[in-house]
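Asks: Got a structure for you, questions after.
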Amino acid sequence: MRTTRRRFLQHMSWLTAATAAHGAHIMQPAGAPAPMLDTRALAHFVDPLPIPAIVKSTGLRPSPANPASQVPYYHIAMRQFQAKVHRDVQPTTFWGYNASCPGPTIEARREEPILVEWANELPRQHFLPIDHTLHGAEADKPEVRTVVHLHGGRTGPESDGYPEDWFVPAHSAMCYYPNQQEATGLFYHDHAMGITRLNAVAGLMGMYLVRDEFEDGLNLPKGMYEIPLVLFDRSFKPDGQLYYPVSGKPDAPWVSEYYGSAVLANGKIFPYHEVEPRKYRLRLLNSSNGSFYRLSFSSDPTMAAESLAFHQIGSEQGLLATPAEMNLLILGPGERADLIVDFSSHAGKEMFLRTDVTVVVQFRVSQDKVADSSSLPNSLRPVPRIPESTAVRTRELTLADYQNRLGRSTVMLLNGAHWDMPVTEKPGLNSTEIWSFINLTDDSHPIHLHMVRFQLLDRRPFDLSVYELTKKIVFTGPAVPLTANELGWKDTVRVDPMTVTRIIVKFEGFAGRYVWHCHMLEHEDNEMMRPYVITADDQTSSAG
């Protein structure tokens, strides 16, 4: 393993200080460098920010849970299309739900189920480099395969988007979403085994908002004052087509990480959005393959101005107990954040959403006097902490990166196990467990558990050398204090290098087979994903 104290400090510095431009991490193939579009040189703020359409139901269908009742039915097709990411860039070929990237927003209400038919209308040949040495992507598999996962959805296993339940072009899958969860922002994306990273880069993602009466009663900004912001980074060739790096090995093109040269907001580079001097609700999603974003607002595009305060009111699985005031938000792949930003004191000016040195969106604040009847409540929704004493089991689970003699990643494993090894995590339905993630690598990994929500307990540094010799945890300091916005319900957690990160989970919802994995998609596609089974043993946790 290549993990060193020096690299750990470098990594933590990256999380706590300004980073280099996004393009600095792009991996080039062996030999002559591939020609790349210099996205940093593009004109800023010439394209309006697109707002994804809200998909409409096309009728009613019998409910799988109760055939005597009818539920709204949606038909969403995956198609190849072209779109301009910037005024001065030629149209880019994408794959998208309903031929858009990001796909249309699905709006649902708590306890009101829906049916979605996901139709694969894509070409039969992939336009990005498949590595047939990866599990699930062998040469005998069809090149183009898809399966849709509702990330954060409390969904039965047959509709969860299990990575091996893929289907090919000219086929579709029907998914039943019961929406038995509090109001929150979810998202849907492809989850096909061995090619998730490629299908994501191609454009297969979209937002899914669950609403309920409690949220309605808070009088938060809504309608045109609620803006979905799907962020992801991409690199491009000079002709505007997507660039995806390869290893230089024709038979094994997988690379361990993907960082694009440009950050796109709702599919545009450097867009602007016209706003009124009032409160807005921003529904943020980090849909990048591997990039963590350090988001802030400023009144100057050059970072010369001080970061401006805003409030986070929700995390991945719903509202926080109280608004968290901040001027910096770290958002990892797969994480979401529900923000309130007040533009009222910036009438006639500009504000900029940025990730360190990279400007993501320009907000042009009008000078109009407007009435704002929306609220930022002092309290939001109760988030009772799960007592550690209710946990029936604690599991210690390692995150490791195995490399060759040149220091290049060859495989990444969770708890030392490959995908196709026997399932070892078998919590009982309605039982509570503590999962301790022991990070042996020099990367931060966003770990996602399907179907459940959880709470973050703590992060604590440990001595890696002692662990490698004895397999014992010796802590080197106290637990790192959690920030206010980490105290809500989550489904994806940042696990930092050489730390033990503990979460507490109640496995409520459905019994069945699910997965947990790293949401850095290149890692997920190369063994950093494992199945787990929620057993039907009510109130107990099995020996597994």
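FYI, nothing fancy with the structure tokens labels: chains A, B, ... in order, residues from 1 per chain, ligands from 1 as they appear.
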Taking 3 positions as the minimum chain separation for residues in the same chain, which residues sit within 8 Å of region 107-114 of chain A when counting only C-alpha atoms? Answer as a PyMOL selection string.

Replies: chain A and resi 54-55+71-74+176-183+208-212

Asks: At a cut-off of 8 Å, using only C-alpha atoms, what residues contact Pro277 (chain A)? Leave out same-chain residues fewer than 4 positions from it and give the result as a ChimeraX atom specification.

Replies: /A:342-347,365-370

Asks: Restricted to C-alpha atoms, what would the selected residues look like written as a short mmCIF file (atom, residue, chain, number, x, y, z; two decimals), in the first residue's frame?

Replies:
data_model
loop_
_atom_site.label_atom_id
_atom_site.label_comp_id
_atom_site.auth_asym_id
_atom_site.auth_seq_id
_atom_site.Cartn_x
_atom_site.Cartn_y
_atom_site.Cartn_z
CA ASP A 342 -30.56 35.23 0.85
CA PHE A 343 -29.83 37.64 -2.00
CA SER A 344 -31.77 40.54 -0.42
CA SER A 345 -28.69 42.55 0.58
CA HIS A 346 -27.11 42.23 -2.88
CA ALA A 347 -29.69 44.01 -5.06
CA VAL A 365 -29.41 39.94 -8.56
CA SER A 366 -31.98 42.40 -9.89
CA GLN A 367 -32.57 45.83 -8.36
CA ASP A 368 -36.32 45.28 -8.16
CA LYS A 369 -38.05 45.69 -4.82
CA VAL A 370 -39.84 42.44 -4.13
#

Asks: Within 9 Å of Thr322 (chain A), counting only C-alpha atoms, which residues qualify if same-chain residues fewer than 5 places away don't, as a PyMOL selection string?

Replies: chain A and resi 312-314+377-382+484

Asks: If you take only C-alpha atoms and a cut-off of 12 Å, which residues of region 42-115 of chain A touch region 278-286 of chain A, and what are their nearest atom pairs and distances in Å to one decimal, in chain and number order, as JSON lines?

Replies:
{"residue": "A:Ile51", "atom": "CA", "partner": "A:Arg283", "partner_atom": "CA", "distance": 11.7}
{"residue": "A:Pro102", "atom": "CA", "partner": "A:Leu285", "partner_atom": "CA", "distance": 10.8}
{"residue": "A:Thr105", "atom": "CA", "partner": "A:Arg283", "partner_atom": "CA", "distance": 11.4}

Asks: Apply DSSP to the backbone of this structure and, from region 188-397 of chain A, keep only the residues in strand (DSSP E or B); write these as a PyMOL selection string.

Replies: chain A and resi 188-190+205-211+226-236+242-243+262-265+268-269+271-275+279-286+293-298+308+310-315+318-326+329-331+336-342+350-355+358-365+393-397

Asks: Just write the chosen residues, C-alpha atoms, as a short mmCIF file (atom, residue, chain, number, x, y, z; two decimals), in the first residue's frame.

Replies:
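Final output, selection.cif:
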data_model
loop_
_atom_site.label_atom_id
_atom_site.label_comp_id
_atom_site.auth_asym_id
_atom_site.auth_seq_id
_atom_site.Cartn_x
_atom_site.Cartn_y
_atom_site.Cartn_z
CA TYR A 188 -31.63 8.55 -9.69
CA HIS A 189 -28.70 7.29 -11.71
CA ASP A 190 -27.35 4.28 -13.55
CA MET A 205 -28.55 11.06 -13.66
CA GLY A 206 -31.47 13.19 -12.42
CA MET A 207 -33.07 14.56 -9.24
CA TYR A 208 -35.99 13.06 -7.30
CA LEU A 209 -37.68 15.26 -4.68
CA VAL A 210 -39.92 13.82 -1.95
CA ARG A 211 -42.27 16.32 -0.31
CA GLU A 226 -36.46 26.68 -5.49
CA ILE A 227 -33.61 25.78 -7.84
CA PRO A 228 -32.19 22.28 -8.42
CA LEU A 229 -28.42 22.42 -8.97
CA VAL A 230 -26.82 19.23 -10.27
CA LEU A 231 -23.03 19.59 -10.28
CA PHE A 232 -20.58 17.35 -12.11
CA ASP A 233 -17.19 17.76 -13.78
CA ARG A 234 -16.24 16.71 -17.30
CA SER A 235 -13.38 17.06 -19.75
CA PHE A 236 -13.83 17.60 -23.47
CA LEU A 242 -16.54 13.95 -23.87
CA TYR A 243 -13.00 12.95 -22.96
CA ALA A 262 -14.77 21.94 -16.02
CA VAL A 263 -17.54 21.91 -13.43
CA LEU A 264 -20.97 21.92 -15.04
CA ALA A 265 -24.12 23.18 -13.34
CA LYS A 268 -23.64 24.11 -18.55
CA ILE A 269 -20.14 25.53 -18.05
CA PRO A 271 -23.78 29.65 -16.56
CA TYR A 272 -25.57 32.64 -15.07
CA HIS A 273 -28.96 32.81 -13.35
CA GLU A 274 -31.07 35.90 -12.79
CA VAL A 275 -32.53 36.13 -9.30
CA LYS A 279 -34.44 34.15 -0.27
CA TYR A 280 -33.92 31.16 -2.59
CA ARG A 281 -33.80 27.46 -1.87
CA LEU A 282 -31.01 25.60 -3.68
CA ARG A 283 -31.20 21.81 -3.93
CA LEU A 284 -27.59 20.78 -4.51
CA LEU A 285 -26.42 17.40 -5.77
CA ASN A 286 -22.81 16.37 -6.34
CA TYR A 293 -16.50 20.25 -4.01
CA ARG A 294 -15.70 23.00 -1.49
CA LEU A 295 -18.61 25.31 -2.17
CA SER A 296 -18.91 28.93 -1.13
CA PHE A 297 -20.56 32.17 -2.24
CA SER A 298 -18.70 35.41 -2.85
CA LEU A 308 -20.74 35.09 2.26
CA PHE A 310 -25.70 30.93 3.81
CA HIS A 311 -27.75 28.29 5.63
CA GLN A 312 -27.98 24.56 5.14
CA ILE A 313 -31.40 23.23 6.12
CA GLY A 314 -31.15 19.62 4.97
CA SER A 315 -28.76 16.77 4.17
CA GLY A 318 -34.13 15.17 5.07
CA LEU A 319 -34.26 18.38 7.05
CA LEU A 320 -31.83 19.24 9.82
CA ALA A 321 -33.13 20.01 13.30
CA THR A 322 -32.09 23.67 12.92
CA PRO A 323 -30.53 25.69 10.08
CA ALA A 324 -26.73 25.50 10.02
CA GLU A 325 -25.12 28.83 9.17
CA MET A 326 -21.88 28.45 7.20
CA LEU A 329 -19.81 23.45 2.29
CA ILE A 330 -17.80 20.31 1.48
CA LEU A 331 -19.89 18.05 -0.75
CA ARG A 336 -26.82 16.38 -1.41
CA ALA A 337 -27.42 19.63 0.46
CA ASP A 338 -30.55 21.73 0.89
CA LEU A 339 -29.59 25.40 1.17
CA ILE A 340 -31.24 28.75 1.80
CA VAL A 341 -29.37 31.68 0.22
CA ASP A 342 -30.56 35.23 0.85
CA GLU A 350 -23.59 39.72 -8.62
CA MET A 351 -22.89 36.69 -6.47
CA PHE A 352 -20.84 33.67 -7.41
CA LEU A 353 -21.11 30.04 -6.39
CA ARG A 354 -17.63 28.56 -6.55
CA THR A 355 -15.59 25.54 -5.58
CA THR A 358 -13.45 27.54 -9.98
CA VAL A 359 -16.59 29.61 -10.47
CA VAL A 360 -19.62 27.38 -10.99
CA VAL A 361 -22.60 29.77 -11.34
CA GLN A 362 -23.01 33.54 -11.51
CA PHE A 363 -26.17 34.88 -9.85
CA ARG A 364 -27.31 38.25 -11.22
CA VAL A 365 -29.41 39.94 -8.56
CA ARG A 393 -23.64 -5.19 16.86
CA THR A 394 -20.59 -3.19 15.84
CA ARG A 395 -18.86 -4.12 12.57
CA GLU A 396 -15.30 -3.09 11.70
CA LEU A 397 -14.96 -2.72 7.92
#
